[in-house]
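Asker: So I've got this file, work38.txt, and it contains compact mmCIF, N, CA and C atoms:
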```txt
# COMPACT_ATOMS: atom_id res chain seq x y z
N MET B 14 0.82 -1.19 0.00
CA MET B 14 0.00 0.00 0.00
C MET B 14 0.86 1.26 0.00
N LYS B 15 2.04 1.18 0.60
CA LYS B 15 2.90 2.34 0.66
C LYS B 15 3.29 2.79 -0.75
N ALA B 16 3.40 1.83 -1.67
CA ALA B 16 3.76 2.17 -3.05
C ALA B 16 2.71 3.07 -3.69
N LEU B 17 1.47 2.97 -3.23
CA LEU B 17 0.40 3.77 -3.80
C LEU B 17 0.11 5.02 -2.98
N SER B 18 0.99 5.35 -2.06
CA SER B 18 0.79 6.55 -1.25
C SER B 18 1.22 7.81 -1.98
N SER B 19 1.92 7.67 -3.08
CA SER B 19 2.36 8.82 -3.86
C SER B 19 1.29 9.22 -4.88
N PRO B 20 0.92 10.49 -4.93
CA PRO B 20 -0.06 10.92 -5.92
C PRO B 20 0.41 10.66 -7.36
N ILE B 21 1.71 10.72 -7.58
CA ILE B 21 2.23 10.47 -8.93
C ILE B 21 2.02 9.00 -9.30
N ARG B 22 2.33 8.09 -8.38
CA ARG B 22 2.15 6.67 -8.67
C ARG B 22 0.68 6.32 -8.81
N LEU B 23 -0.17 6.95 -8.02
CA LEU B 23 -1.61 6.73 -8.16
C LEU B 23 -2.09 7.17 -9.53
N ARG B 24 -1.58 8.30 -9.99
CA ARG B 24 -1.98 8.80 -11.32
C ARG B 24 -1.49 7.87 -12.42
N ILE B 25 -0.29 7.33 -12.28
CA ILE B 25 0.23 6.38 -13.26
C ILE B 25 -0.70 5.17 -13.34
N VAL B 26 -1.06 4.62 -12.19
CA VAL B 26 -1.95 3.46 -12.14
C VAL B 26 -3.30 3.82 -12.76
N HIS B 27 -3.81 5.00 -12.42
CA HIS B 27 -5.09 5.46 -12.97
C HIS B 27 -5.03 5.53 -14.50
N GLU B 28 -3.96 6.08 -15.02
CA GLU B 28 -3.82 6.22 -16.47
C GLU B 28 -3.71 4.87 -17.16
N LEU B 29 -3.15 3.88 -16.49
CA LEU B 29 -2.98 2.55 -17.09
C LEU B 29 -4.21 1.66 -16.92
N GLN B 30 -5.22 2.16 -16.22
CA GLN B 30 -6.45 1.38 -16.06
C GLN B 30 -7.13 1.13 -17.40
N GLN B 31 -6.97 2.05 -18.33
CA GLN B 31 -7.62 1.94 -19.64
C GLN B 31 -6.89 0.98 -20.57
N GLY B 32 -5.68 0.57 -20.18
CA GLY B 32 -4.91 -0.35 -21.00
C GLY B 32 -3.47 0.13 -21.13
N GLU B 33 -2.75 -0.52 -22.01
CA GLU B 33 -1.34 -0.21 -22.21
C GLU B 33 -1.15 1.23 -22.67
N ARG B 34 -0.05 1.83 -22.21
CA ARG B 34 0.31 3.19 -22.62
C ARG B 34 1.81 3.24 -22.81
N CYS B 35 2.23 3.99 -23.80
CA CYS B 35 3.64 4.24 -24.01
C CYS B 35 4.10 5.26 -22.98
N LEU B 36 5.31 5.11 -22.51
CA LEU B 36 5.87 6.08 -21.58
C LEU B 36 5.82 7.48 -22.17
N CYS B 37 6.01 7.58 -23.48
CA CYS B 37 5.97 8.89 -24.14
C CYS B 37 4.59 9.52 -24.05
N GLU B 38 3.54 8.72 -23.84
CA GLU B 38 2.18 9.26 -23.67
C GLU B 38 1.96 9.73 -22.24
N LEU B 39 2.67 9.13 -21.30
CA LEU B 39 2.51 9.52 -19.89
C LEU B 39 3.31 10.77 -19.54
N GLN B 40 4.45 10.95 -20.17
CA GLN B 40 5.33 12.06 -19.80
C GLN B 40 4.64 13.43 -19.86
N PRO B 41 3.83 13.75 -20.86
CA PRO B 41 3.17 15.07 -20.87
C PRO B 41 2.20 15.28 -19.71
N LEU B 42 1.73 14.20 -19.10
CA LEU B 42 0.80 14.31 -17.97
C LEU B 42 1.51 14.72 -16.68
N PHE B 43 2.83 14.60 -16.67
CA PHE B 43 3.64 14.91 -15.49
C PHE B 43 4.76 15.88 -15.86
N PRO B 44 4.43 17.07 -16.37
CA PRO B 44 5.48 17.96 -16.88
C PRO B 44 6.51 18.40 -15.85
N ARG B 45 6.10 18.53 -14.61
CA ARG B 45 7.05 18.97 -13.58
C ARG B 45 7.78 17.80 -12.94
N HIS B 46 7.42 16.59 -13.30
CA HIS B 46 7.99 15.41 -12.65
C HIS B 46 8.68 14.48 -13.64
N LYS B 47 9.12 15.00 -14.79
CA LYS B 47 9.74 14.13 -15.80
C LYS B 47 10.94 13.38 -15.25
N SER B 48 11.74 14.05 -14.45
CA SER B 48 12.96 13.39 -13.95
C SER B 48 12.64 12.28 -12.96
N THR B 49 11.50 12.37 -12.28
CA THR B 49 11.18 11.33 -11.30
C THR B 49 10.19 10.30 -11.83
N LEU B 50 9.59 10.56 -12.98
CA LEU B 50 8.61 9.62 -13.52
C LEU B 50 9.21 8.23 -13.71
N SER B 51 10.40 8.17 -14.25
CA SER B 51 11.05 6.87 -14.45
C SER B 51 11.31 6.16 -13.13
N ARG B 52 11.65 6.91 -12.09
CA ARG B 52 11.88 6.28 -10.78
C ARG B 52 10.59 5.71 -10.21
N HIS B 53 9.48 6.44 -10.38
CA HIS B 53 8.19 5.94 -9.89
C HIS B 53 7.79 4.68 -10.66
N ILE B 54 8.00 4.68 -11.96
CA ILE B 54 7.67 3.52 -12.78
C ILE B 54 8.56 2.34 -12.40
N ALA B 55 9.84 2.60 -12.17
CA ALA B 55 10.77 1.53 -11.77
C ALA B 55 10.32 0.89 -10.46
N LEU B 56 9.87 1.70 -9.51
CA LEU B 56 9.40 1.17 -8.23
C LEU B 56 8.16 0.29 -8.44
N LEU B 57 7.22 0.77 -9.23
CA LEU B 57 6.00 -0.01 -9.48
C LEU B 57 6.32 -1.31 -10.21
N LYS B 58 7.31 -1.29 -11.10
CA LYS B 58 7.74 -2.52 -11.78
C LYS B 58 8.42 -3.46 -10.80
N ARG B 59 9.29 -2.94 -9.95
CA ARG B 59 10.01 -3.75 -8.98
C ARG B 59 9.04 -4.46 -8.03
N LEU B 60 7.94 -3.80 -7.71
CA LEU B 60 6.94 -4.38 -6.82
C LEU B 60 5.98 -5.32 -7.54
N GLY B 61 6.12 -5.43 -8.86
CA GLY B 61 5.29 -6.33 -9.63
C GLY B 61 3.93 -5.77 -10.00
N LEU B 62 3.76 -4.46 -9.88
CA LEU B 62 2.47 -3.85 -10.21
C LEU B 62 2.36 -3.47 -11.69
N LEU B 63 3.50 -3.21 -12.32
CA LEU B 63 3.55 -2.86 -13.74
C LEU B 63 4.50 -3.79 -14.47
N THR B 64 4.26 -3.95 -15.77
CA THR B 64 5.22 -4.60 -16.64
C THR B 64 5.54 -3.65 -17.78
N GLU B 65 6.67 -3.89 -18.40
CA GLU B 65 7.11 -3.04 -19.50
C GLU B 65 7.60 -3.93 -20.63
N ARG B 66 7.29 -3.52 -21.84
CA ARG B 66 7.85 -4.19 -23.01
C ARG B 66 8.29 -3.10 -23.98
N ARG B 67 9.22 -3.45 -24.81
CA ARG B 67 9.76 -2.48 -25.77
C ARG B 67 9.19 -2.75 -27.15
N GLU B 68 8.84 -1.67 -27.84
CA GLU B 68 8.45 -1.71 -29.25
C GLU B 68 9.37 -0.74 -29.95
N GLY B 69 10.48 -1.23 -30.44
CA GLY B 69 11.50 -0.34 -31.00
C GLY B 69 12.08 0.52 -29.89
N VAL B 70 11.91 1.83 -30.01
CA VAL B 70 12.42 2.73 -28.97
C VAL B 70 11.35 3.06 -27.94
N ARG B 71 10.13 2.61 -28.18
CA ARG B 71 9.02 2.90 -27.25
C ARG B 71 9.01 1.92 -26.09
N ARG B 72 8.71 2.44 -24.88
CA ARG B 72 8.52 1.61 -23.69
C ARG B 72 7.03 1.59 -23.40
N VAL B 73 6.42 0.42 -23.54
CA VAL B 73 4.98 0.28 -23.36
C VAL B 73 4.72 -0.33 -21.99
N LEU B 74 3.89 0.33 -21.20
CA LEU B 74 3.60 -0.08 -19.83
C LEU B 74 2.18 -0.61 -19.72
N ARG B 75 2.00 -1.56 -18.82
CA ARG B 75 0.64 -2.02 -18.51
C ARG B 75 0.59 -2.48 -17.07
N LEU B 76 -0.61 -2.49 -16.51
CA LEU B 76 -0.80 -2.98 -15.15
C LEU B 76 -0.61 -4.49 -15.15
N GLN B 77 0.19 -4.97 -14.25
CA GLN B 77 0.42 -6.40 -14.09
C GLN B 77 -0.66 -7.01 -13.21
N VAL B 78 -1.22 -6.21 -12.33
CA VAL B 78 -2.17 -6.69 -11.34
C VAL B 78 -3.53 -6.02 -11.59
N PRO B 79 -4.37 -6.61 -12.45
CA PRO B 79 -5.65 -5.98 -12.76
C PRO B 79 -6.55 -5.77 -11.54
N CYS B 80 -6.42 -6.62 -10.53
CA CYS B 80 -7.27 -6.46 -9.35
C CYS B 80 -6.95 -5.15 -8.62
N LEU B 81 -5.79 -4.57 -8.89
CA LEU B 81 -5.43 -3.28 -8.30
C LEU B 81 -6.44 -2.22 -8.72
N VAL B 82 -6.92 -2.31 -9.94
CA VAL B 82 -7.92 -1.36 -10.44
C VAL B 82 -9.22 -1.52 -9.66
N ARG B 83 -9.65 -2.75 -9.47
CA ARG B 83 -10.90 -3.00 -8.73
C ARG B 83 -10.75 -2.56 -7.28
N PHE B 84 -9.59 -2.81 -6.69
CA PHE B 84 -9.36 -2.41 -5.31
C PHE B 84 -9.45 -0.89 -5.17
N GLY B 85 -8.82 -0.18 -6.09
CA GLY B 85 -8.85 1.28 -6.05
C GLY B 85 -10.26 1.82 -6.21
N SER B 86 -11.02 1.22 -7.10
CA SER B 86 -12.39 1.64 -7.32
C SER B 86 -13.24 1.36 -6.07
N CYS B 87 -13.05 0.20 -5.49
CA CYS B 87 -13.78 -0.17 -4.27
C CYS B 87 -13.43 0.77 -3.13
N LEU B 88 -12.14 1.05 -2.97
CA LEU B 88 -11.71 1.95 -1.91
C LEU B 88 -12.29 3.34 -2.10
N GLY B 89 -12.30 3.82 -3.34
CA GLY B 89 -12.87 5.13 -3.64
C GLY B 89 -14.34 5.21 -3.27
N LYS B 90 -15.08 4.15 -3.56
CA LYS B 90 -16.51 4.12 -3.22
C LYS B 90 -16.71 4.11 -1.71
N ALA B 91 -15.87 3.37 -1.02
CA ALA B 91 -15.99 3.26 0.44
C ALA B 91 -15.68 4.59 1.13
N LEU B 92 -14.87 5.42 0.51
CA LEU B 92 -14.48 6.69 1.13
C LEU B 92 -15.38 7.84 0.75
N GLN B 93 -16.37 7.61 -0.11
CA GLN B 93 -17.29 8.68 -0.48
C GLN B 93 -18.14 9.05 0.74
N PRO B 94 -18.53 10.34 0.84
CA PRO B 94 -19.32 10.79 2.00
C PRO B 94 -20.62 10.01 2.20
N SER B 95 -21.23 9.52 1.13
CA SER B 95 -22.50 8.81 1.26
C SER B 95 -22.33 7.32 1.56
N SER B 96 -21.09 6.86 1.70
CA SER B 96 -20.83 5.46 1.93
C SER B 96 -21.35 5.02 3.30
N PRO B 97 -21.96 3.82 3.37
CA PRO B 97 -22.39 3.30 4.67
C PRO B 97 -21.20 2.95 5.57
N PHE B 98 -19.99 2.88 5.01
CA PHE B 98 -18.80 2.54 5.78
C PHE B 98 -18.13 3.77 6.36
N LYS B 99 -18.51 4.94 5.90
CA LYS B 99 -17.89 6.18 6.37
C LYS B 99 -18.16 6.33 7.87
N GLY B 100 -17.13 6.61 8.60
CA GLY B 100 -17.28 6.82 10.03
C GLY B 100 -17.06 5.57 10.85
N GLU B 101 -16.97 4.41 10.21
CA GLU B 101 -16.70 3.19 10.96
C GLU B 101 -15.21 3.04 11.14
N GLY B 102 -14.83 2.27 12.10
CA GLY B 102 -13.40 2.01 12.30
C GLY B 102 -12.87 2.70 13.52
N LYS B 103 -11.59 2.82 13.58
CA LYS B 103 -10.88 3.36 14.75
C LYS B 103 -11.35 4.77 15.06
N GLY B 104 -11.76 4.98 16.27
CA GLY B 104 -12.14 6.32 16.73
C GLY B 104 -13.54 6.75 16.33
N ALA B 105 -14.30 5.89 15.70
CA ALA B 105 -15.65 6.27 15.28
C ALA B 105 -16.58 6.24 16.47
N ARG B 106 -17.51 7.18 16.48
CA ARG B 106 -18.51 7.22 17.55
C ARG B 106 -19.66 6.28 17.21
N ARG B 107 -20.25 5.75 18.23
CA ARG B 107 -21.38 4.84 18.02
C ARG B 107 -22.62 5.41 18.65
```
Now, as a test, write the supplied structure out as structure tokens.

Answerer:
Amino acid sequence: MKALSSPIRLRIVHELQQGERCLCELQPLFPRHKSTLSRHIALLKRLGLLTERREGVRRVLRLQVPCLVRFGSCLGKALQPSSPFKGEGKGARR
């Protein structure tokens, strides 16, 4: 979970939910973070969350763990203000 604590890594995962993307397509989405984008991708690959293949000079990325997308969607729904789970857990009043 710590790997997904970075907004940049979350955005990378979000962008790859639609399918494979070339690194060259992701770079314009992170104009101020070009130098660190490769490091974030390397970390996600090292953890087994992304895979990469080469097409000539292009680096094509895809999510290795499709259930990550479902988990993120589920977590987002659970954290919405109208969620029946909101307010439950540690420190919640009963």

Asker: Rounded to one decimal in Å, what is the spacing between atom CA of B:Gln30 and atom CA of B:Leu76?

Answerer: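 Those two atoms sit 7.2 Å apart.
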
Asker: Report as an mmCIF file with N, CA and C atoms, in the frame of the given file all protein, DNA and RNA residues lying within 8 Å of stretch 38-49 of chain B, evaluated on all atoms listed in the file, omitting residues in the same chain fewer than 6 positions from it.

Answerer:
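Output contents, as saved in part23.cif:
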```
data_model
loop_
_atom_site.group_PDB
_atom_site.id
_atom_site.type_symbol
_atom_site.label_atom_id
_atom_site.label_comp_id
_atom_site.auth_asym_id
_atom_site.auth_seq_id
_atom_site.Cartn_x
_atom_site.Cartn_y
_atom_site.Cartn_z
ATOM 1 N N ILE B 25 -0.290 7.330 -12.280
ATOM 2 C CA ILE B 25 0.230 6.380 -13.260
ATOM 3 C C ILE B 25 -0.700 5.170 -13.340
ATOM 4 N N GLU B 28 -3.960 6.080 -15.020
ATOM 5 C CA GLU B 28 -3.820 6.220 -16.470
ATOM 6 C C GLU B 28 -3.710 4.870 -17.160
ATOM 7 N N ALA B 55 9.840 2.600 -12.170
ATOM 8 C CA ALA B 55 10.770 1.530 -11.770
ATOM 9 C C ALA B 55 10.320 0.890 -10.460
ATOM 10 N N ARG B 72 8.710 2.440 -24.880
ATOM 11 C CA ARG B 72 8.520 1.610 -23.690
ATOM 12 C C ARG B 72 7.030 1.590 -23.400
#
```

Asker: Could you please determine the separation between atom N of B:Ser19 and atom CA of B:Leu56 in Å, to one decimal place?

Answerer: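 Straight-line distance from atom N of B:Ser19 to atom CA of B:Leu56 works out to 11.2 Å.
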
Asker: To one decimal place in Å, what is the distance between atom CA of B:Cys35 and atom C of B:Arg71?

Answerer: 6.2 Å
